[in-house]
Amino acid sequence: MAQAFLEKGFLVVISGPSGVGKTTFCQALLKDEPRSVYSVSATTRPPRNGEVQGRDYHFLSEKEFFKMRDSGGLLEWASVHEWYYGTPREPIERWLKENRIVLLDVDVQGGESIKKALPEDVFIFILPPSLEVLEKRLSHRGTDQDAEVKKRLKNAPFEIGHMKSYAYIVVNDKFYEAYARVKAIVEAEKSRISRVVLPAWTSSM
Ligand code: 5GP
């Protein structure tokens with residue numbers, strides 16, 4: 001529910017090992033929160049079946065990616081699973097000016113870089129109930145070749161090892177319970193006093 005005064009925009013950085021459900025959380029938030037937008041990353045990874053250029057990722061060649069990075073076009077970038085990924089800077093700056101809530105699905109390296117630059121933003125780590133469950137979810141997802149699944153599983157301990165950099169941790173066992181928590185975090189962060197333009201009538205008090 002909207003409050004009677006202006007609330008500033010902020011970033012919600014969602015990280016966690018591949019297969020934990022980050023995309024599903026972002027999609028659900030996009031439906032529920034009218035002020036939210038999704039930051040579409042740039043990547044050198046080739047598209048999976050069904051992925052759409054500009055909607056899921058900006059799929060770039062290495063040359064294009066490096067050009068964007070070297071001209072300052074990326075807010076952060078990292079090498080993940082042997083591909084490059086990065087967050088385009090321009091839309092983020094524009095959305096924050098428009099007081100939007102910007103959802104980012106980035107790895108822990110990206111999360112830590114953003115935290116250094118923008119520590120007031122919202123950092124949520126999604127943890128699977130166990131590594132076994134993660135493995136099952138990843139192999140049943142059916143979107144990646146076996147080699148890609150293996151790379152993603154191998155990387156899970158690295159991601160989980162960095163979760164203490166995050167302010168919030170949510171275990172994705174039953175999605176609807178986990179999502180209720182993520183939603184509650186975002187809802188609470190909207191009311192953080194530093195993000196609110198206080199009404200004029202309170203200024204003399
Ligand atoms: P996938 O190839 O499965 O879509 O993503 C692989 C990993 O890259 C995921 O952990 C995802 O969070 C991360 N990732 C996606 N976009 C970005 C980005 O812009 N920056 C960083 N640092 N990681 C990203």
# chains A, B, ... in the order shown; residues from 1 in each chain; ligands from 1

call {"tool": "residues_near_ligand", "arguments": {"ligand": "ligand 1", "cutoff": "8 Å", "atoms": "only C-alpha atoms and all ligand atoms", "output": "PyMOL selection string"}}
result
chain A and resi 14-19+22+40-43+45+57+76-81+83-88+104-111+152

call {"tool": "closest_atom_pairs", "arguments": {"of": "region 48-135 of chain A", "to": "region 177-199 of chain A", "cutoff": "10 Å", "atoms": "only C-alpha atoms", "output": "CSV"}}
result
residue,atom,partner,partner_atom,distance
A:Asn99,CA,A:Arg195,CA,9.6
A:Ile101,CA,A:Lys190,CA,8.9
A:Glu120,CA,A:Ser194,CA,9.1
A:Asp121,CA,A:Glu189,CA,8.9
A:Val122,CA,A:Glu189,CA,7.6
A:Phe123,CA,A:Ile185,CA,9.9
A:Ile124,CA,A:Val182,CA,7.9
A:Phe125,CA,A:Val182,CA,9.8
A:Ile126,CA,A:Ala178,CA,8.7
A:Leu127,CA,A:Ala178,CA,9.9

call {"tool": "write_last_selection", "arguments": {"atoms": "N, CA and C atoms", "output": "mmCIF file, in the first residue's frame"}}
result
data_model
loop_
_atom_site.group_PDB
_atom_site.id
_atom_site.type_symbol
_atom_site.label_atom_id
_atom_site.label_comp_id
_atom_site.auth_asym_id
_atom_site.auth_seq_id
_atom_site.Cartn_x
_atom_site.Cartn_y
_atom_site.Cartn_z
ATOM 1 N N ASN A 99 12.648 6.622 -8.569
ATOM 2 C CA ASN A 99 12.211 6.001 -7.297
ATOM 3 C C ASN A 99 11.690 4.578 -7.458
ATOM 4 N N ILE A 101 12.064 0.324 -7.471
ATOM 5 C CA ILE A 101 12.735 -0.724 -6.686
ATOM 6 C C ILE A 101 13.362 -1.661 -7.716
ATOM 7 N N GLU A 120 23.802 0.915 1.537
ATOM 8 C CA GLU A 120 22.456 1.093 2.105
ATOM 9 C C GLU A 120 21.407 0.259 1.389
ATOM 10 N N ASP A 121 21.786 -0.388 0.291
ATOM 11 C CA ASP A 121 20.792 -1.134 -0.465
ATOM 12 C C ASP A 121 20.488 -2.474 0.208
ATOM 13 N N VAL A 122 19.635 -3.275 -0.405
ATOM 14 C CA VAL A 122 19.091 -4.456 0.278
ATOM 15 C C VAL A 122 19.712 -5.716 -0.317
ATOM 16 N N PHE A 123 20.349 -6.509 0.526
ATOM 17 C CA PHE A 123 21.112 -7.668 0.060
ATOM 18 C C PHE A 123 20.505 -8.933 0.653
ATOM 19 N N ILE A 124 19.962 -9.781 -0.218
ATOM 20 C CA ILE A 124 19.275 -10.995 0.240
ATOM 21 C C ILE A 124 19.969 -12.214 -0.363
ATOM 22 N N PHE A 125 20.301 -13.160 0.500
ATOM 23 C CA PHE A 125 20.911 -14.405 0.022
ATOM 24 C C PHE A 125 19.884 -15.519 0.151
ATOM 25 N N ILE A 126 19.676 -16.263 -0.940
ATOM 26 C CA ILE A 126 18.733 -17.383 -0.928
ATOM 27 C C ILE A 126 19.539 -18.686 -0.801
ATOM 28 N N LEU A 127 19.220 -19.438 0.241
ATOM 29 C CA LEU A 127 19.938 -20.683 0.524
ATOM 30 C C LEU A 127 19.030 -21.875 0.229
#

call {"tool": "atom_distance", "arguments": {"atom1": "CA of Glu135 (chain A)", "atom2": "CA of Leu30 (chain A)"}}
result
26.9 Å

call {"tool": "select_by_dssp", "arguments": {"residues": "region 86-120 of chain A", "states": "alpha helix (DSSP H)", "output": "PyMOL selection string"}}
result
chain A and resi 89-97+108-117

call {"tool": "write_last_selection", "arguments": {"atoms": "C-alpha atoms", "output": "PDB file, in the first residue's frame"}}
result
ATOM      1  CA  ARG A  89      24.797   1.076 -15.198  1.00  0.00           C
ATOM      2  CA  GLU A  90      22.578   3.464 -17.168  1.00  0.00           C
ATOM      3  CA  PRO A  91      19.138   1.883 -16.492  1.00  0.00           C
ATOM      4  CA  ILE A  92      19.927   1.511 -12.775  1.00  0.00           C
ATOM      5  CA  GLU A  93      20.766   5.217 -12.439  1.00  0.00           C
ATOM      6  CA  ARG A  94      17.621   6.170 -14.357  1.00  0.00           C
ATOM      7  CA  TRP A  95      15.347   3.878 -12.311  1.00  0.00           C
ATOM      8  CA  LEU A  96      16.728   5.144  -9.011  1.00  0.00           C
ATOM      9  CA  LYS A  97      15.953   8.705 -10.124  1.00  0.00           C
ATOM     10  CA  VAL A 108      28.229 -13.071  -4.740  1.00  0.00           C
ATOM     11  CA  GLN A 109      31.122 -11.245  -6.413  1.00  0.00           C
ATOM     12  CA  GLY A 110      28.630  -8.837  -7.972  1.00  0.00           C
ATOM     13  CA  GLY A 111      26.730  -8.551  -4.681  1.00  0.00           C
ATOM     14  CA  GLU A 112      29.895  -7.674  -2.794  1.00  0.00           C
ATOM     15  CA  SER A 113      30.952  -5.051  -5.374  1.00  0.00           C
ATOM     16  CA  ILE A 114      27.529  -3.397  -5.203  1.00  0.00           C
ATOM     17  CA  LYS A 115      27.628  -3.471  -1.401  1.00  0.00           C
ATOM     18  CA  LYS A 116      30.955  -1.612  -1.408  1.00  0.00           C
ATOM     19  CA  ALA A 117      29.522   1.127  -3.619  1.00  0.00           C
TER      20      ALA A 117
END

call {"tool": "atom_distance", "arguments": {"atom1": "CA of Ser203 (chain A)", "atom2": "CA of Arg100 (chain A)"}}
result
25.0 Å

call {"tool": "residues_around", "arguments": {"residues": "Leu60 (chain A)", "least_positions_apart": "3", "cutoff": "6 Å", "atoms": "only C-alpha atoms", "output": "list of chain:residue names"}}
result
A:Thr43, A:Thr44, A:Glu64, A:Phe65

call {"tool": "write_last_selection", "arguments": {"atoms": "all heavy atoms", "output": "mmCIF file, in the first residue's frame"}}
result
data_model
loop_
_atom_site.group_PDB
_atom_site.id
_atom_site.type_symbol
_atom_site.label_atom_id
_atom_site.label_comp_id
_atom_site.auth_asym_id
_atom_site.auth_seq_id
_atom_site.Cartn_x
_atom_site.Cartn_y
_atom_site.Cartn_z
ATOM 1 N N THR A 43 25.677 -10.560 -20.643
ATOM 2 C CA THR A 43 26.473 -11.781 -20.463
ATOM 3 C C THR A 43 27.073 -12.248 -21.784
ATOM 4 O O THR A 43 26.529 -11.977 -22.853
ATOM 5 C CB THR A 43 25.626 -12.932 -19.863
ATOM 6 O OG1 THR A 43 26.482 -14.054 -19.609
ATOM 7 C CG2 THR A 43 24.505 -13.388 -20.778
ATOM 8 N N THR A 44 28.186 -12.984 -21.631
ATOM 9 C CA THR A 44 28.777 -13.612 -22.817
ATOM 10 C C THR A 44 28.298 -15.063 -22.943
ATOM 11 O O THR A 44 28.692 -15.762 -23.863
ATOM 12 C CB THR A 44 30.316 -13.589 -22.732
ATOM 13 O OG1 THR A 44 30.719 -14.262 -21.527
ATOM 14 C CG2 THR A 44 30.851 -12.167 -22.721
ATOM 15 N N GLU A 64 32.059 -7.148 -27.358
ATOM 16 C CA GLU A 64 31.023 -6.166 -26.985
ATOM 17 C C GLU A 64 30.990 -5.969 -25.463
ATOM 18 O O GLU A 64 30.835 -4.853 -24.967
ATOM 19 C CB GLU A 64 29.637 -6.647 -27.449
ATOM 20 C CG GLU A 64 29.454 -6.621 -28.953
ATOM 21 C CD GLU A 64 28.207 -7.396 -29.405
ATOM 22 O OE1 GLU A 64 27.859 -8.438 -28.799
ATOM 23 O OE2 GLU A 64 27.597 -6.967 -30.400
ATOM 24 N N PHE A 65 31.139 -7.103 -24.742
ATOM 25 C CA PHE A 65 31.093 -7.029 -23.274
ATOM 26 C C PHE A 65 32.241 -6.157 -22.759
ATOM 27 O O PHE A 65 32.041 -5.252 -21.940
ATOM 28 C CB PHE A 65 31.169 -8.446 -22.682
ATOM 29 C CG PHE A 65 30.971 -8.480 -21.191
ATOM 30 C CD1 PHE A 65 29.712 -8.708 -20.643
ATOM 31 C CD2 PHE A 65 32.048 -8.277 -20.317
ATOM 32 C CE1 PHE A 65 29.520 -8.728 -19.254
ATOM 33 C CE2 PHE A 65 31.866 -8.304 -18.940
ATOM 34 C CZ PHE A 65 30.606 -8.528 -18.411
#

call {"tool": "atom_distance", "arguments": {"atom1": "CA of Pro47 (chain A)", "atom2": "CA of Lys154 (chain A)"}}
result
21.1 Å

call {"tool": "closest_residue", "arguments": {"among": "A:Arg69, A:His58, A:Lys136, A:His162", "to": "Val20 (chain A)", "atoms": "only C-alpha atoms"}}
result
A:Lys136

call {"tool": "residues_around", "arguments": {"residues": "Ser130 (chain A)", "least_positions_apart": "2", "cutoff": "10 Å", "atoms": "only C-alpha atoms", "output": "tab-separated table (two decimals) with C-alpha atoms, in the first residue's frame"}}
result
chain	number	residue	atom	x	y	z
A	127	LEU	CA	19.94	-20.68	0.52
A	128	PRO	CA	18.71	-24.14	-0.55
A	132	GLU	CA	21.26	-32.56	-2.23
A	133	VAL	CA	18.06	-30.63	-2.86
A	134	LEU	CA	19.98	-28.07	-4.92
A	135	GLU	CA	21.54	-30.82	-7.02
A	171	VAL	CA	15.94	-20.65	2.92
A	172	ASN	CA	14.00	-21.68	-0.16
A	173	ASP	CA	12.41	-24.92	1.00

call {"tool": "closest_residue", "arguments": {"among": "A:Ser39, A:Ser71, A:Gln27, A:Gln53", "to": "Val13 (chain A)", "atoms": "only C-alpha atoms"}}
result
A:Ser39

call {"tool": "decode", "arguments": {"residues": "region 107-129 of chain A", "atoms": "N, CA and C atoms", "output": "mmCIF file, in the first residue's frame"}}
result
data_model
loop_
_atom_site.group_PDB
_atom_site.id
_atom_site.type_symbol
_atom_site.label_atom_id
_atom_site.label_comp_id
_atom_site.auth_asym_id
_atom_site.auth_seq_id
_atom_site.Cartn_x
_atom_site.Cartn_y
_atom_site.Cartn_z
ATOM 1 N N ASP A 107 25.719 -12.793 -8.905
ATOM 2 C CA ASP A 107 26.465 -13.732 -8.069
ATOM 3 C C ASP A 107 27.066 -12.970 -6.873
ATOM 4 N N VAL A 108 27.728 -13.716 -5.970
ATOM 5 C CA VAL A 108 28.229 -13.071 -4.740
ATOM 6 C C VAL A 108 29.339 -12.050 -5.018
ATOM 7 N N GLN A 109 30.087 -12.236 -6.089
ATOM 8 C CA GLN A 109 31.122 -11.245 -6.413
ATOM 9 C C GLN A 109 30.453 -9.924 -6.766
ATOM 10 N N GLY A 110 29.394 -10.030 -7.593
ATOM 11 C CA GLY A 110 28.630 -8.837 -7.972
ATOM 12 C C GLY A 110 27.974 -8.207 -6.752
ATOM 13 N N GLY A 111 27.393 -9.052 -5.887
ATOM 14 C CA GLY A 111 26.730 -8.551 -4.681
ATOM 15 C C GLY A 111 27.709 -7.783 -3.799
ATOM 16 N N GLU A 112 28.908 -8.339 -3.659
ATOM 17 C CA GLU A 112 29.895 -7.674 -2.794
ATOM 18 C C GLU A 112 30.388 -6.357 -3.408
ATOM 19 N N SER A 113 30.534 -6.323 -4.737
ATOM 20 C CA SER A 113 30.952 -5.051 -5.374
ATOM 21 C C SER A 113 29.876 -3.988 -5.178
ATOM 22 N N ILE A 114 28.611 -4.382 -5.343
ATOM 23 C CA ILE A 114 27.529 -3.397 -5.203
ATOM 24 C C ILE A 114 27.468 -2.909 -3.751
ATOM 25 N N LYS A 115 27.696 -3.846 -2.819
ATOM 26 C CA LYS A 115 27.628 -3.471 -1.401
ATOM 27 C C LYS A 115 28.707 -2.435 -1.050
ATOM 28 N N LYS A 116 29.880 -2.579 -1.669
ATOM 29 C CA LYS A 116 30.955 -1.612 -1.408
ATOM 30 C C LYS A 116 30.529 -0.219 -1.865
ATOM 31 N N ALA A 117 29.888 -0.161 -3.050
ATOM 32 C CA ALA A 117 29.522 1.127 -3.619
ATOM 33 C C ALA A 117 28.238 1.668 -2.990
ATOM 34 N N LEU A 118 27.302 0.785 -2.693
ATOM 35 C CA LEU A 118 25.974 1.214 -2.238
ATOM 36 C C LEU A 118 25.547 0.386 -1.020
ATOM 37 N N PRO A 119 26.195 0.621 0.133
ATOM 38 C CA PRO A 119 25.944 -0.255 1.290
ATOM 39 C C PRO A 119 24.536 -0.160 1.870
ATOM 40 N N GLU A 120 23.802 0.915 1.537
ATOM 41 C CA GLU A 120 22.456 1.093 2.105
ATOM 42 C C GLU A 120 21.407 0.259 1.389
ATOM 43 N N ASP A 121 21.786 -0.388 0.291
ATOM 44 C CA ASP A 121 20.792 -1.134 -0.465
ATOM 45 C C ASP A 121 20.488 -2.474 0.208
ATOM 46 N N VAL A 122 19.635 -3.275 -0.405
ATOM 47 C CA VAL A 122 19.091 -4.456 0.278
ATOM 48 C C VAL A 122 19.712 -5.716 -0.317
ATOM 49 N N PHE A 123 20.349 -6.509 0.526
ATOM 50 C CA PHE A 123 21.112 -7.668 0.060
ATOM 51 C C PHE A 123 20.505 -8.933 0.653
ATOM 52 N N ILE A 124 19.962 -9.781 -0.218
ATOM 53 C CA ILE A 124 19.275 -10.995 0.240
ATOM 54 C C ILE A 124 19.969 -12.214 -0.363
ATOM 55 N N PHE A 125 20.301 -13.160 0.500
ATOM 56 C CA PHE A 125 20.911 -14.405 0.022
ATOM 57 C C PHE A 125 19.884 -15.519 0.151
ATOM 58 N N ILE A 126 19.676 -16.263 -0.940
ATOM 59 C CA ILE A 126 18.733 -17.383 -0.928
ATOM 60 C C ILE A 126 19.539 -18.686 -0.801
ATOM 61 N N LEU A 127 19.220 -19.438 0.241
ATOM 62 C CA LEU A 127 19.938 -20.683 0.524
ATOM 63 C C LEU A 127 19.030 -21.875 0.229
ATOM 64 N N PRO A 128 19.550 -22.941 -0.400
ATOM 65 C CA PRO A 128 18.708 -24.142 -0.554
ATOM 66 C C PRO A 128 18.632 -24.868 0.786
ATOM 67 N N PRO A 129 17.628 -25.741 0.988
ATOM 68 C CA PRO A 129 17.561 -26.468 2.257
ATOM 69 C C PRO A 129 18.762 -27.396 2.447
#
